[in-house]
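Okay, so here's the structure we're looking at.
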There are 2 protein chains.
Amino acid sequence: MPATSKPLTATAHALLGLLALRPWTTYELAKQVQRSLGWFWPRTERKLYDEPKKLVAAGLATATEQHTGKRARTVYAITPEGRAALRAWLDEPSAAPALEFEAMVKVFFADGGTLAQLRTTLDRTRKASEARLAVLEQMVEEDQSEHYEFAGRLAINALALRFHLDHERHIISWATWARAQVETWHSPTDAAGWDWSAALQAPR
Amino acid sequence: MPATSKPLTATAHALLGLLALRPWTTYELAKQVQRSLGWFWPRTERKLYDEPKKLVAAGLATATEQHTGKRARTVYAITPEGRAALRAWLDEPSAAPALEFEAMVKVFFADGGTLAQLRTTLDRTRKASEARLAVLEQMVEEDQSEHYEFAGRLAINALALRFHLDHERHIISWATWARAQVETWHSPTDAAGWDWSAALQAPR
DNA sequence: TCTCACATACTGCCCTTTGCAGTATCTGGT
DNA sequence: ACCAGATACTGCAAAGGGCAGTATGTGAGA
C-alpha cells in the first residue's frame, strides 16, 4: 500500500463514504450517486467508473471481478485503510458551497433581452424546481416506509434531506416572488417605480 | 465572422453579458466576476483569460491592445453579433441549478466518524455562511448609496441579490437547526429517539 | 529618493470533470 | 423469436480548476 502520493479529492472521499456502507458495483454506485449524493455532490456517471480505480491504487478499496454469464463486472469494497482515510477526511475543513445557477445568469443579464424573456426564465425556473421538489418528497415517503436499507442512517439522511427540500422550496418561492415583481415592469431596465430597495430589506 | 462553429458555453455567454454593459480589460472582468457573477456562476480567474479569446474568434467581441507604460493590456468589447448572440441565448432553456456542498457530504457520511466531527462540520458551515452573508449585506449597502455605475440595472440586480441573501440565510438557519438536533444524539447513527420523521414534515 | 508591498496583466502545465459516442451482454415481456 | 431496456463499461475531446511563475506599474512611508 503506497503510504501517501497525492491528497485525494472530495469526490474520491465521497465514494469512499458510499463504500463504507457496503460493497457496490460501479453501476450500482452510479445509480446511488444519482439518487442521493448527486443532490449535493453532482458527478457524471463517467467519472464514477474512473474514480474507484484510484481508490484501489491508493489501497483504500479492493476490486473484485464477478461474472453474470460472460459479462464481467467489478465490485468495490472499502479497506480498513479506506475507513481510516474517510474518518480523517471528516476532520478537514470543507470548501464553501458552490452554486451554479444558469437561469440566474439569464436574470442578471436580462437587460440584454426582453421582459418576455425574463418572465419565461422565471416561469421555467419555478416549474423545474417544483419537479425536483416532487422527487425529493417521494424520497421522504420512501424513508417513511419501513424497509429502508440503511436504517441507522435515517437520522443523518433526514438532516440532508431537510436541507434540500427547503433549498428547492426557496428557489420556488423566489421565482414566484420575482415573477410577481416583474409583472408591472416596463422593461428589464425600467422597473416603473418598483422599490428594489425595499425588496432587499424584508428578511421574510 | 465564422457563422457557426460550436455552440458557446454558458460561461462564454455570461462574459458576453458583462461585455454588453461596457468594455472591460480581462483583469477588470476577473474582479467583476468575483464580485457579482461569481455568486451564481463561479469560475476561476484563469478561465477568464482564455474565454474572451474565443468570443473574439467567434466574432462576438473585439480585442484592443492598450499600454500602461510598457505593460500591455487587452480591452474587450462586444460586437453587434455578440449582442444578438446574447439575446438569442436568453431564450434557451437553462440547466438545472447545481449545488456543490462538500460539508453536506461530510454530514451525509457522518456515520464514518464521530459525533464531534459532525458537530464541528455544522459549526464551521454556519460560520462560513455568516461571513458570506456579511459580504452580501455590504453589497446591499453599496447599491443603496447613489453612485452605482449601472443605475438601470439596480432592479434586476436586486432580484439576484435577494436570492443569494436568502440562500445564505437558509444555509445558516439549516446549520443552526441541525446543530441543535444533534446536540442530544448519542452517535451519528444513534439519534436517541430523535424524531427524524417529524423533522421532514414541517415546511418551516 | 528609495524601497517594498500590493495591484495589474498575463501564460504554462497538469489534473479533474463533463459530454457524448461507441461496444457489449443480459433480462423480461409480447 | 424478437426487442426494448438494464447492465457494464471505454475512448476521446473539450471545459474547468489550481497553482506556480513572470513581468510591470503605483503609492505610501522611511
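If you're wondering about the labels, chains in the C-alpha cells are A, B, ... by order shown, residues count from 1 in each chain, ligands from 1 in order shown.
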Hand me chain A as it sits after a least-squares fit onto chain B over every Cα, paired in order, written as a compact mmCIF listing (two decimals) with C-alpha atoms, in the first residue's frame.
# COMPACT_ATOMS: atom_id res chain seq x y z
CA MET A 1 -17.01 36.31 -39.10
CA PRO A 2 -17.41 32.53 -38.92
CA ALA A 3 -21.16 31.96 -38.94
CA THR A 4 -21.49 28.88 -36.74
CA SER A 5 -18.86 26.54 -35.38
CA LYS A 6 -19.80 25.11 -32.00
CA PRO A 7 -22.47 26.36 -29.65
CA LEU A 8 -20.88 28.55 -27.01
CA THR A 9 -20.91 27.59 -23.37
CA ALA A 10 -22.90 29.33 -20.65
CA THR A 11 -19.60 30.76 -19.43
CA ALA A 12 -19.00 32.41 -22.78
CA HIS A 13 -22.50 33.89 -22.73
CA ALA A 14 -22.04 35.10 -19.17
CA LEU A 15 -18.95 37.04 -20.20
CA LEU A 16 -20.84 38.32 -23.19
CA GLY A 17 -23.39 39.62 -20.73
CA LEU A 18 -20.72 41.59 -18.90
CA LEU A 19 -19.30 42.94 -22.14
CA ALA A 20 -22.80 44.11 -23.05
CA LEU A 21 -22.59 46.54 -20.12
CA ARG A 22 -19.28 48.12 -21.16
CA PRO A 23 -15.79 47.19 -22.38
CA TRP A 24 -13.50 45.58 -19.81
CA THR A 25 -9.89 44.54 -19.49
CA THR A 26 -9.48 40.89 -18.53
CA TYR A 27 -8.30 41.89 -15.10
CA GLU A 28 -11.37 44.04 -14.51
CA LEU A 29 -13.53 41.21 -15.81
CA ALA A 30 -11.93 38.85 -13.32
CA LYS A 31 -12.59 41.22 -10.40
CA GLN A 32 -16.15 41.89 -11.51
CA VAL A 33 -16.90 38.19 -11.90
CA GLN A 34 -15.64 37.61 -8.39
CA ARG A 35 -17.89 40.35 -7.09
CA SER A 36 -21.19 39.64 -8.85
CA LEU A 37 -21.40 36.81 -11.35
CA GLY A 38 -19.32 34.53 -9.13
CA TRP A 39 -22.20 34.09 -6.71
CA PHE A 40 -24.21 32.09 -9.24
CA TRP A 41 -21.67 31.25 -11.95
CA PRO A 42 -18.34 30.70 -10.21
CA ARG A 43 -15.29 30.48 -12.48
CA THR A 44 -11.59 30.76 -11.71
CA GLU A 45 -9.63 33.78 -12.82
CA ARG A 46 -7.58 31.57 -15.10
CA LYS A 47 -10.60 30.77 -17.24
CA LEU A 48 -11.41 34.42 -17.74
CA TYR A 49 -8.18 34.95 -19.63
CA ASP A 50 -8.95 32.21 -22.16
CA GLU A 51 -12.64 32.66 -22.72
CA PRO A 52 -12.74 36.16 -24.26
CA LYS A 53 -10.34 34.96 -26.96
CA LYS A 54 -12.99 32.51 -28.09
CA LEU A 55 -15.55 35.30 -28.21
CA VAL A 56 -13.22 37.26 -30.47
CA ALA A 57 -12.63 34.20 -32.65
CA ALA A 58 -16.40 33.84 -33.01
CA GLY A 59 -16.79 37.49 -33.97
CA LEU A 60 -18.84 38.30 -30.86
CA ALA A 61 -16.25 40.59 -29.30
CA THR A 62 -13.24 42.68 -30.28
CA ALA A 63 -9.88 42.83 -28.56
CA THR A 64 -7.91 46.08 -28.39
CA GLU A 65 -4.36 46.19 -27.10
CA GLN A 66 -3.54 49.16 -24.87
CA HIS A 67 -0.44 50.08 -22.90
CA THR A 68 0.35 51.36 -19.42
CA GLY A 69 3.99 52.26 -19.90
CA LYS A 70 5.49 49.13 -21.39
CA ARG A 71 2.92 46.81 -19.86
CA ALA A 72 0.30 45.69 -22.35
CA ARG A 73 -3.32 44.94 -21.60
CA THR A 74 -6.25 43.79 -23.66
CA VAL A 75 -9.60 45.54 -23.65
CA TYR A 76 -12.56 43.51 -24.85
CA ALA A 77 -15.76 44.99 -26.27
CA ILE A 78 -18.94 43.39 -27.55
CA THR A 79 -19.93 43.49 -31.23
CA PRO A 80 -23.47 43.73 -32.67
CA GLU A 81 -23.18 39.98 -33.39
CA GLY A 82 -22.31 39.51 -29.74
CA ARG A 83 -25.44 41.34 -28.62
CA ALA A 84 -27.52 39.22 -30.98
CA ALA A 85 -25.95 36.03 -29.60
CA LEU A 86 -26.70 37.15 -26.04
CA ARG A 87 -30.29 37.97 -26.92
CA ALA A 88 -30.73 34.56 -28.56
CA TRP A 89 -29.17 32.78 -25.60
CA LEU A 90 -31.71 34.35 -23.23
CA ASP A 91 -34.36 32.25 -24.99
CA GLU A 92 -32.59 28.95 -24.38
CA PRO A 93 -33.74 26.67 -21.57
CA SER A 94 -31.26 26.68 -18.69
CA ALA A 95 -29.50 23.80 -16.99
CA ALA A 96 -30.86 22.92 -13.57
CA PRO A 97 -29.18 24.72 -10.68
CA ALA A 98 -26.27 22.61 -9.39
CA LEU A 99 -25.13 22.82 -5.81
CA GLU A 100 -21.72 21.53 -4.70
CA PHE A 101 -21.82 21.32 -0.94
CA GLU A 102 -18.79 19.51 0.44
CA ALA A 103 -19.78 20.01 4.07
CA MET A 104 -23.07 18.24 3.31
CA VAL A 105 -21.11 15.24 2.03
CA LYS A 106 -19.40 15.16 5.41
CA VAL A 107 -22.77 15.35 7.18
CA PHE A 108 -24.17 12.60 4.97
CA PHE A 109 -21.26 10.29 5.78
CA ALA A 110 -21.01 11.33 9.42
CA ASP A 111 -21.46 7.69 10.44
CA GLY A 112 -17.92 7.10 9.19
CA GLY A 113 -16.67 9.28 12.03
CA THR A 114 -17.61 10.76 15.39
CA LEU A 115 -20.40 12.97 16.67
CA ALA A 116 -17.78 15.61 17.51
CA GLN A 117 -16.75 15.72 13.85
CA LEU A 118 -20.37 16.15 12.77
CA ARG A 119 -20.87 19.00 15.22
CA THR A 120 -17.68 20.73 14.08
CA THR A 121 -18.74 20.44 10.44
CA LEU A 122 -22.09 22.05 11.23
CA ASP A 123 -20.48 24.86 13.27
CA ARG A 124 -17.99 25.64 10.52
CA THR A 125 -20.74 25.64 7.91
CA ARG A 126 -22.75 28.18 9.85
CA LYS A 127 -19.76 30.46 10.49
CA ALA A 128 -18.59 30.42 6.88
CA SER A 129 -22.09 31.20 5.67
CA GLU A 130 -22.43 34.08 8.12
CA ALA A 131 -19.23 35.56 6.69
CA ARG A 132 -20.58 35.33 3.16
CA LEU A 133 -23.87 36.89 4.26
CA ALA A 134 -21.96 39.84 5.69
CA VAL A 135 -20.30 40.36 2.29
CA LEU A 136 -23.68 40.29 0.56
CA GLU A 137 -25.14 42.77 3.05
CA GLN A 138 -22.24 45.06 2.31
CA MET A 139 -23.20 44.85 -1.36
CA VAL A 140 -26.76 45.85 -0.48
CA GLU A 141 -25.44 48.96 1.24
CA GLU A 142 -23.29 49.84 -1.75
CA ASP A 143 -26.31 49.55 -4.04
CA GLN A 144 -28.22 51.80 -1.65
CA SER A 145 -25.55 54.51 -1.95
CA GLU A 146 -26.39 56.52 -5.06
CA HIS A 147 -23.31 56.35 -7.23
CA TYR A 148 -23.74 52.85 -8.61
CA GLU A 149 -22.18 52.47 -12.03
CA PHE A 150 -25.09 50.71 -13.69
CA ALA A 151 -28.15 52.52 -12.37
CA GLY A 152 -30.53 50.93 -14.85
CA ARG A 153 -29.52 47.51 -13.61
CA LEU A 154 -30.45 48.08 -9.97
CA ALA A 155 -33.79 46.30 -10.32
CA ILE A 156 -32.55 43.05 -11.87
CA ASN A 157 -29.54 43.24 -9.60
CA ALA A 158 -31.93 43.33 -6.64
CA LEU A 159 -33.72 40.20 -7.89
CA ALA A 160 -30.48 38.25 -7.92
CA LEU A 161 -29.15 39.73 -4.71
CA ARG A 162 -32.36 38.88 -2.94
CA PHE A 163 -31.99 35.25 -3.90
CA HIS A 164 -28.45 34.99 -2.61
CA LEU A 165 -29.17 36.77 0.65
CA ASP A 166 -31.93 34.26 1.38
CA HIS A 167 -29.78 31.40 0.14
CA GLU A 168 -27.09 32.17 2.71
CA ARG A 169 -29.72 32.74 5.38
CA HIS A 170 -31.16 29.34 4.57
CA ILE A 171 -27.77 27.65 5.01
CA ILE A 172 -27.26 29.45 8.32
CA SER A 173 -30.69 28.54 9.62
CA TRP A 174 -30.31 24.91 8.51
CA ALA A 175 -26.87 24.58 10.10
CA THR A 176 -28.14 26.14 13.31
CA TRP A 177 -31.16 23.84 13.36
CA ALA A 178 -29.11 20.73 12.56
CA ARG A 179 -26.57 21.61 15.24
CA ALA A 180 -29.37 21.81 17.79
CA GLN A 181 -30.80 18.45 16.65
CA VAL A 182 -27.54 16.56 17.04
CA GLU A 183 -26.98 18.03 20.50
CA THR A 184 -28.80 15.17 22.17
CA TRP A 185 -27.68 12.36 19.87
CA HIS A 186 -25.52 9.55 21.22
CA SER A 187 -23.67 8.92 17.94
CA PRO A 188 -24.11 9.70 14.23
CA THR A 189 -26.21 6.53 13.93
CA ASP A 190 -27.95 6.71 17.31
CA ALA A 191 -30.19 9.74 17.41
CA ALA A 192 -31.53 8.71 20.82
CA GLY A 193 -35.18 8.69 19.85
CA TRP A 194 -34.95 11.90 17.83
CA ASP A 195 -37.96 12.16 15.56
CA TRP A 196 -36.32 12.41 12.14
CA SER A 197 -39.68 11.80 10.54
CA ALA A 198 -41.13 14.95 12.08
CA ALA A 199 -38.04 16.87 11.01
CA LEU A 200 -39.00 16.17 7.41
CA GLN A 201 -42.58 17.34 7.82
CA ALA A 202 -42.68 20.95 8.99
CA PRO A 203 -42.26 23.17 5.92
CA ARG A 204 -41.18 25.95 8.29
Output as a short mmCIF file (atom, residue, chain, number, x, y, z; two decimals) with N, CA and C atoms, in the first residue's frame all residues of region 8-193 of chain A that backbone DSSP marks as alpha helix (DSSP H).
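Contents of the output file out.cif:
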data_model
loop_
_atom_site.label_atom_id
_atom_site.label_comp_id
_atom_site.auth_asym_id
_atom_site.auth_seq_id
_atom_site.Cartn_x
_atom_site.Cartn_y
_atom_site.Cartn_z
N ALA A 10 -12.37 15.46 -2.98
CA ALA A 10 -13.62 15.28 -2.26
C ALA A 10 -14.45 14.19 -2.93
N THR A 11 -14.38 14.13 -4.24
CA THR A 11 -15.12 13.09 -4.97
C THR A 11 -14.67 11.70 -4.54
N ALA A 12 -13.38 11.51 -4.44
CA ALA A 12 -12.85 10.22 -4.00
C ALA A 12 -13.36 9.88 -2.60
N HIS A 13 -13.35 10.87 -1.71
CA HIS A 13 -13.82 10.63 -0.35
C HIS A 13 -15.32 10.36 -0.30
N ALA A 14 -16.05 11.02 -1.19
CA ALA A 14 -17.49 10.79 -1.24
C ALA A 14 -17.78 9.33 -1.62
N LEU A 15 -17.05 8.83 -2.60
CA LEU A 15 -17.25 7.43 -2.99
C LEU A 15 -16.81 6.50 -1.88
N LEU A 16 -15.75 6.89 -1.18
CA LEU A 16 -15.31 6.13 -0.03
C LEU A 16 -16.43 6.05 1.01
N GLY A 17 -17.14 7.14 1.15
CA GLY A 17 -18.26 7.17 2.07
C GLY A 17 -19.33 6.16 1.69
N LEU A 18 -19.62 6.05 0.41
CA LEU A 18 -20.60 5.06 -0.04
C LEU A 18 -20.08 3.64 0.18
N LEU A 19 -18.82 3.43 -0.12
CA LEU A 19 -18.24 2.10 0.06
C LEU A 19 -18.20 1.70 1.53
N ALA A 20 -18.20 2.69 2.41
CA ALA A 20 -18.21 2.40 3.85
C ALA A 20 -19.53 1.77 4.27
N LEU A 21 -20.59 2.00 3.48
CA LEU A 21 -21.90 1.45 3.81
C LEU A 21 -21.99 -0.03 3.43
N THR A 26 -19.88 -0.72 -9.90
CA THR A 26 -19.82 0.66 -10.38
C THR A 26 -21.19 1.14 -10.84
N TYR A 27 -21.91 0.25 -11.46
CA TYR A 27 -23.23 0.61 -11.96
C TYR A 27 -24.17 1.00 -10.82
N GLU A 28 -24.14 0.18 -9.76
CA GLU A 28 -24.95 0.50 -8.58
C GLU A 28 -24.54 1.84 -7.99
N LEU A 29 -23.23 2.03 -7.90
CA LEU A 29 -22.66 3.27 -7.39
C LEU A 29 -23.21 4.46 -8.17
N ALA A 30 -23.21 4.30 -9.49
CA ALA A 30 -23.69 5.39 -10.35
C ALA A 30 -25.15 5.70 -10.07
N LYS A 31 -25.98 4.66 -9.92
CA LYS A 31 -27.40 4.88 -9.64
C LYS A 31 -27.59 5.53 -8.28
N GLN A 32 -26.85 5.04 -7.30
CA GLN A 32 -26.97 5.54 -5.94
C GLN A 32 -26.55 7.00 -5.84
N VAL A 33 -25.47 7.34 -6.56
CA VAL A 33 -25.00 8.72 -6.56
C VAL A 33 -26.07 9.63 -7.13
N GLN A 34 -26.70 9.15 -8.20
CA GLN A 34 -27.75 9.94 -8.82
C GLN A 34 -28.90 10.18 -7.83
N ARG A 35 -29.18 9.18 -7.03
CA ARG A 35 -30.32 9.24 -6.13
C ARG A 35 -30.06 10.10 -4.89
N GLU A 45 -21.87 10.06 -14.54
CA GLU A 45 -21.66 8.62 -14.43
C GLU A 45 -20.25 8.25 -14.88
N ARG A 46 -19.81 8.91 -15.94
CA ARG A 46 -18.48 8.62 -16.49
C ARG A 46 -17.39 8.63 -15.42
N LYS A 47 -17.45 9.64 -14.57
CA LYS A 47 -16.43 9.82 -13.54
C LYS A 47 -16.41 8.64 -12.58
N LEU A 48 -17.57 8.09 -12.33
CA LEU A 48 -17.70 7.06 -11.31
C LEU A 48 -17.10 5.72 -11.76
N TYR A 49 -16.73 5.65 -13.01
CA TYR A 49 -16.04 4.45 -13.49
C TYR A 49 -14.53 4.58 -13.34
N ASP A 50 -14.04 5.83 -13.31
CA ASP A 50 -12.60 6.05 -13.16
C ASP A 50 -12.16 6.11 -11.71
N GLU A 51 -12.99 6.79 -10.92
CA GLU A 51 -12.57 7.15 -9.57
C GLU A 51 -12.26 5.95 -8.66
N PRO A 52 -13.11 4.91 -8.66
CA PRO A 52 -12.80 3.79 -7.76
C PRO A 52 -11.45 3.14 -8.05
N LYS A 53 -11.01 3.22 -9.30
CA LYS A 53 -9.70 2.65 -9.63
C LYS A 53 -8.58 3.35 -8.87
N LYS A 54 -8.76 4.65 -8.66
CA LYS A 54 -7.76 5.40 -7.91
C LYS A 54 -7.78 4.99 -6.44
N LEU A 55 -9.00 4.71 -5.94
CA LEU A 55 -9.11 4.26 -4.55
C LEU A 55 -8.36 2.94 -4.36
N VAL A 56 -8.52 2.05 -5.34
CA VAL A 56 -7.83 0.77 -5.29
C VAL A 56 -6.32 0.99 -5.34
N ALA A 57 -5.89 1.86 -6.24
CA ALA A 57 -4.46 2.15 -6.38
C ALA A 57 -3.87 2.71 -5.09
N PRO A 80 -9.74 -1.36 5.57
CA PRO A 80 -9.55 -0.63 6.84
C PRO A 80 -8.83 0.71 6.60
N GLU A 81 -7.87 0.74 5.68
CA GLU A 81 -7.18 2.00 5.36
C GLU A 81 -8.17 3.02 4.79
N GLY A 82 -9.11 2.50 4.01
CA GLY A 82 -10.14 3.36 3.44
C GLY A 82 -10.99 4.00 4.53
N ARG A 83 -11.38 3.19 5.51
CA ARG A 83 -12.19 3.73 6.61
C ARG A 83 -11.41 4.78 7.40
N ALA A 84 -10.12 4.53 7.57
CA ALA A 84 -9.28 5.49 8.29
C ALA A 84 -9.19 6.81 7.50
N ALA A 85 -9.04 6.69 6.18
CA ALA A 85 -8.94 7.88 5.33
C ALA A 85 -10.23 8.69 5.39
N LEU A 86 -11.37 7.98 5.39
CA LEU A 86 -12.66 8.65 5.48
C LEU A 86 -12.79 9.40 6.80
N ARG A 87 -12.42 8.69 7.88
CA ARG A 87 -12.50 9.29 9.21
C ARG A 87 -11.63 10.55 9.28
N ALA A 88 -10.44 10.48 8.72
CA ALA A 88 -9.53 11.62 8.75
C ALA A 88 -10.07 12.78 7.91
N TRP A 89 -10.70 12.43 6.81
CA TRP A 89 -11.24 13.48 5.91
C TRP A 89 -12.36 14.27 6.59
N GLU A 102 -27.58 28.70 -13.82
CA GLU A 102 -27.57 29.30 -15.16
C GLU A 102 -28.74 30.25 -15.37
N ALA A 103 -29.92 29.87 -14.87
CA ALA A 103 -31.10 30.72 -15.04
C ALA A 103 -30.88 32.08 -14.38
N MET A 104 -30.11 32.09 -13.26
CA MET A 104 -29.85 33.36 -12.59
C MET A 104 -28.93 34.24 -13.44
N VAL A 105 -28.04 33.64 -14.19
CA VAL A 105 -27.21 34.40 -15.13
C VAL A 105 -28.12 35.10 -16.14
N LYS A 106 -29.13 34.38 -16.59
CA LYS A 106 -30.05 34.97 -17.56
C LYS A 106 -30.87 36.10 -16.93
N VAL A 107 -31.23 35.94 -15.66
CA VAL A 107 -31.95 37.01 -14.97
C VAL A 107 -31.03 38.23 -14.82
N PHE A 108 -29.80 37.96 -14.43
CA PHE A 108 -28.82 39.03 -14.18
C PHE A 108 -28.52 39.85 -15.43
N LEU A 115 -38.40 41.77 -21.69
CA LEU A 115 -39.12 41.45 -20.47
C LEU A 115 -39.78 40.07 -20.58
N ALA A 116 -40.24 39.75 -21.79
CA ALA A 116 -40.87 38.45 -22.02
C ALA A 116 -39.87 37.33 -21.75
N GLN A 117 -38.64 37.52 -22.17
CA GLN A 117 -37.61 36.51 -21.93
C GLN A 117 -37.36 36.34 -20.43
N LEU A 118 -37.30 37.45 -19.72
CA LEU A 118 -37.10 37.40 -18.27
C LEU A 118 -38.22 36.62 -17.59
N ARG A 119 -39.46 36.93 -18.01
CA ARG A 119 -40.61 36.25 -17.40
C ARG A 119 -40.59 34.75 -17.69
N THR A 120 -40.24 34.40 -18.91
CA THR A 120 -40.16 32.98 -19.28
C THR A 120 -39.08 32.26 -18.45
N THR A 121 -37.94 32.90 -18.29
CA THR A 121 -36.87 32.31 -17.49
C THR A 121 -37.33 32.04 -16.07
N LEU A 122 -38.05 33.00 -15.49
CA LEU A 122 -38.54 32.83 -14.12
C LEU A 122 -39.59 31.72 -14.04
N ASP A 123 -40.49 31.66 -15.01
CA ASP A 123 -41.52 30.61 -15.03
C ASP A 123 -40.89 29.22 -15.14
N ARG A 124 -39.92 29.10 -16.04
CA ARG A 124 -39.25 27.80 -16.22
C ARG A 124 -38.50 27.39 -14.96
N THR A 125 -37.88 28.36 -14.31
CA THR A 125 -37.13 28.07 -13.09
C THR A 125 -38.05 27.50 -12.02
N ARG A 126 -39.21 28.14 -11.86
CA ARG A 126 -40.16 27.66 -10.86
C ARG A 126 -40.64 26.25 -11.19
N LYS A 127 -41.02 26.02 -12.43
CA LYS A 127 -41.55 24.71 -12.83
C LYS A 127 -40.52 23.61 -12.64
N ALA A 128 -39.28 23.87 -13.05
CA ALA A 128 -38.24 22.85 -12.93
C ALA A 128 -37.98 22.52 -11.46
N SER A 129 -38.03 23.55 -10.63
CA SER A 129 -37.78 23.35 -9.21
C SER A 129 -38.92 22.58 -8.55
N GLU A 130 -40.13 22.84 -8.99
CA GLU A 130 -41.28 22.10 -8.47
C GLU A 130 -41.16 20.62 -8.80
N ALA A 131 -40.65 20.32 -9.99
CA ALA A 131 -40.46 18.92 -10.38
C ALA A 131 -39.42 18.25 -9.49
N ARG A 132 -38.34 18.96 -9.19
CA ARG A 132 -37.32 18.38 -8.33
C ARG A 132 -37.83 18.19 -6.91
N LEU A 133 -38.65 19.15 -6.45
CA LEU A 133 -39.23 19.03 -5.11
C LEU A 133 -40.10 17.79 -5.02
N ALA A 134 -40.85 17.51 -6.07
CA ALA A 134 -41.71 16.32 -6.08
C ALA A 134 -40.87 15.05 -5.93
N VAL A 135 -39.71 15.02 -6.58
CA VAL A 135 -38.82 13.87 -6.46
C VAL A 135 -38.33 13.72 -5.02
N LEU A 136 -37.97 14.84 -4.41
CA LEU A 136 -37.49 14.81 -3.03
C LEU A 136 -38.60 14.34 -2.09
N GLU A 137 -39.82 14.80 -2.33
CA GLU A 137 -40.93 14.41 -1.46
C GLU A 137 -41.23 12.92 -1.59
N GLN A 138 -40.98 12.41 -2.77
CA GLN A 138 -41.11 10.96 -2.98
C GLN A 138 -40.07 10.22 -2.12
N MET A 139 -38.87 10.79 -2.04
CA MET A 139 -37.82 10.18 -1.23
C MET A 139 -38.19 10.20 0.25
N VAL A 140 -38.86 11.25 0.69
CA VAL A 140 -39.31 11.32 2.08
C VAL A 140 -40.27 10.17 2.36
N GLU A 141 -41.19 9.96 1.43
CA GLU A 141 -42.16 8.86 1.61
C GLU A 141 -41.46 7.52 1.69
N GLU A 142 -40.48 7.32 0.82
CA GLU A 142 -39.75 6.05 0.83
C GLU A 142 -39.04 5.82 2.16
N ASP A 143 -38.46 6.90 2.71
CA ASP A 143 -37.80 6.79 4.00
C ASP A 143 -38.82 6.40 5.08
N GLN A 144 -40.03 6.99 4.94
CA GLN A 144 -41.08 6.74 5.92
C GLN A 144 -41.48 5.25 5.92
N LEU A 154 -30.96 6.81 8.92
CA LEU A 154 -32.16 7.61 8.69
C LEU A 154 -32.04 9.01 9.28
N ALA A 155 -31.38 9.13 10.42
CA ALA A 155 -31.28 10.43 11.08
C ALA A 155 -30.41 11.40 10.27
N ILE A 156 -29.19 10.99 9.95
CA ILE A 156 -28.34 11.91 9.17
C ILE A 156 -28.91 12.12 7.77
N ASN A 157 -29.56 11.10 7.24
CA ASN A 157 -30.22 11.25 5.96
C ASN A 157 -31.29 12.34 6.03
N ALA A 158 -32.00 12.38 7.16
CA ALA A 158 -33.06 13.38 7.34
C ALA A 158 -32.47 14.79 7.41
N LEU A 159 -31.30 14.93 8.02
CA LEU A 159 -30.65 16.24 8.08
C LEU A 159 -30.39 16.78 6.68
N ALA A 160 -29.83 15.92 5.83
CA ALA A 160 -29.50 16.33 4.47
C ALA A 160 -30.76 16.58 3.65
N LEU A 161 -31.69 15.65 3.77
CA LEU A 161 -32.94 15.75 3.00
C LEU A 161 -33.68 17.03 3.36
N ARG A 162 -33.68 17.35 4.62
CA ARG A 162 -34.35 18.56 5.08
C ARG A 162 -33.77 19.80 4.40
N PHE A 163 -32.45 19.81 4.29
CA PHE A 163 -31.81 20.96 3.63
C PHE A 163 -32.29 21.09 2.19
N HIS A 164 -32.30 19.98 1.48
CA HIS A 164 -32.60 20.05 0.05
C HIS A 164 -34.06 20.34 -0.24
N LEU A 165 -34.93 19.82 0.62
CA LEU A 165 -36.35 20.17 0.50
C LEU A 165 -36.51 21.69 0.59
N ASP A 166 -35.92 22.28 1.62
CA ASP A 166 -36.05 23.72 1.81
C ASP A 166 -35.32 24.50 0.72
N HIS A 167 -34.24 23.94 0.23
CA HIS A 167 -33.49 24.59 -0.85
C HIS A 167 -34.38 24.73 -2.09
N GLU A 168 -35.03 23.65 -2.46
CA GLU A 168 -35.93 23.72 -3.62
C GLU A 168 -37.11 24.64 -3.33
N ARG A 169 -37.64 24.57 -2.13
CA ARG A 169 -38.75 25.46 -1.77
C ARG A 169 -38.33 26.92 -1.87
N HIS A 170 -37.09 27.18 -1.49
CA HIS A 170 -36.59 28.55 -1.56
C HIS A 170 -36.52 29.02 -3.02
N ILE A 171 -36.03 28.18 -3.90
CA ILE A 171 -35.97 28.54 -5.32
C ILE A 171 -37.38 28.83 -5.85
N ILE A 172 -38.31 27.94 -5.51
CA ILE A 172 -39.69 28.12 -5.97
C ILE A 172 -40.27 29.43 -5.45
N SER A 173 -40.05 29.70 -4.17
CA SER A 173 -40.67 30.90 -3.61
C SER A 173 -39.99 32.15 -4.16
N TRP A 174 -38.69 32.08 -4.41
CA TRP A 174 -38.01 33.23 -5.02
C TRP A 174 -38.52 33.46 -6.44
N ALA A 175 -38.61 32.40 -7.22
CA ALA A 175 -39.03 32.54 -8.62
C ALA A 175 -40.46 33.07 -8.71
N THR A 176 -41.29 32.60 -7.78
CA THR A 176 -42.67 33.06 -7.75
C THR A 176 -42.73 34.55 -7.39
N TRP A 177 -41.96 34.91 -6.37
CA TRP A 177 -41.89 36.31 -5.95
C TRP A 177 -41.36 37.21 -7.08
N ALA A 178 -40.24 36.78 -7.67
CA ALA A 178 -39.61 37.59 -8.72
C ALA A 178 -40.56 37.76 -9.92
N ARG A 179 -41.27 36.69 -10.24
CA ARG A 179 -42.21 36.74 -11.35
C ARG A 179 -43.30 37.77 -11.09
N ALA A 180 -43.74 37.83 -9.84
CA ALA A 180 -44.77 38.81 -9.46
C ALA A 180 -44.20 40.24 -9.53
N GLN A 181 -42.95 40.41 -9.12
CA GLN A 181 -42.33 41.74 -9.16
C GLN A 181 -42.26 42.29 -10.57
#
| said: Near chain B, meaning an atom within 12 Å, which residues of chain D appear when counting only C-alpha atoms (C1' of nucleotides)? Write them as a PyMOL selection string. | reply: chain D and resi 14-19+23-26
Take the residues from that selection and put them in a file with C-alpha atoms (C1' of nucleotides), as a PDB file, in the first residue's frame.
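As written to disk, result_4.pdb reads:
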ATOM      1  C1'  DA D  14     -13.194  19.978 -24.548  1.00  0.00           C
ATOM      2  C1'  DA D  15     -14.324  22.653 -20.248  1.00  0.00           C
ATOM      3  C1'  DG D  16     -12.729  23.938 -15.995  1.00  0.00           C
ATOM      4  C1'  DG D  17      -9.657  24.318 -11.641  1.00  0.00           C
ATOM      5  C1'  DG D  18      -5.388  25.079  -9.005  1.00  0.00           C
ATOM      6  C1'  DC D  19      -1.123  26.618  -8.672  1.00  0.00           C
ATOM      7  C1'  DA D  23       6.548  40.828 -15.597  1.00  0.00           C
ATOM      8  C1'  DT D  24       5.435  45.892 -14.913  1.00  0.00           C
ATOM      9  C1'  DG D  25       3.025  49.938 -12.516  1.00  0.00           C
ATOM     10  C1'  DT D  26       1.686  52.681  -8.361  1.00  0.00           C
TER      11       DT D  26
END
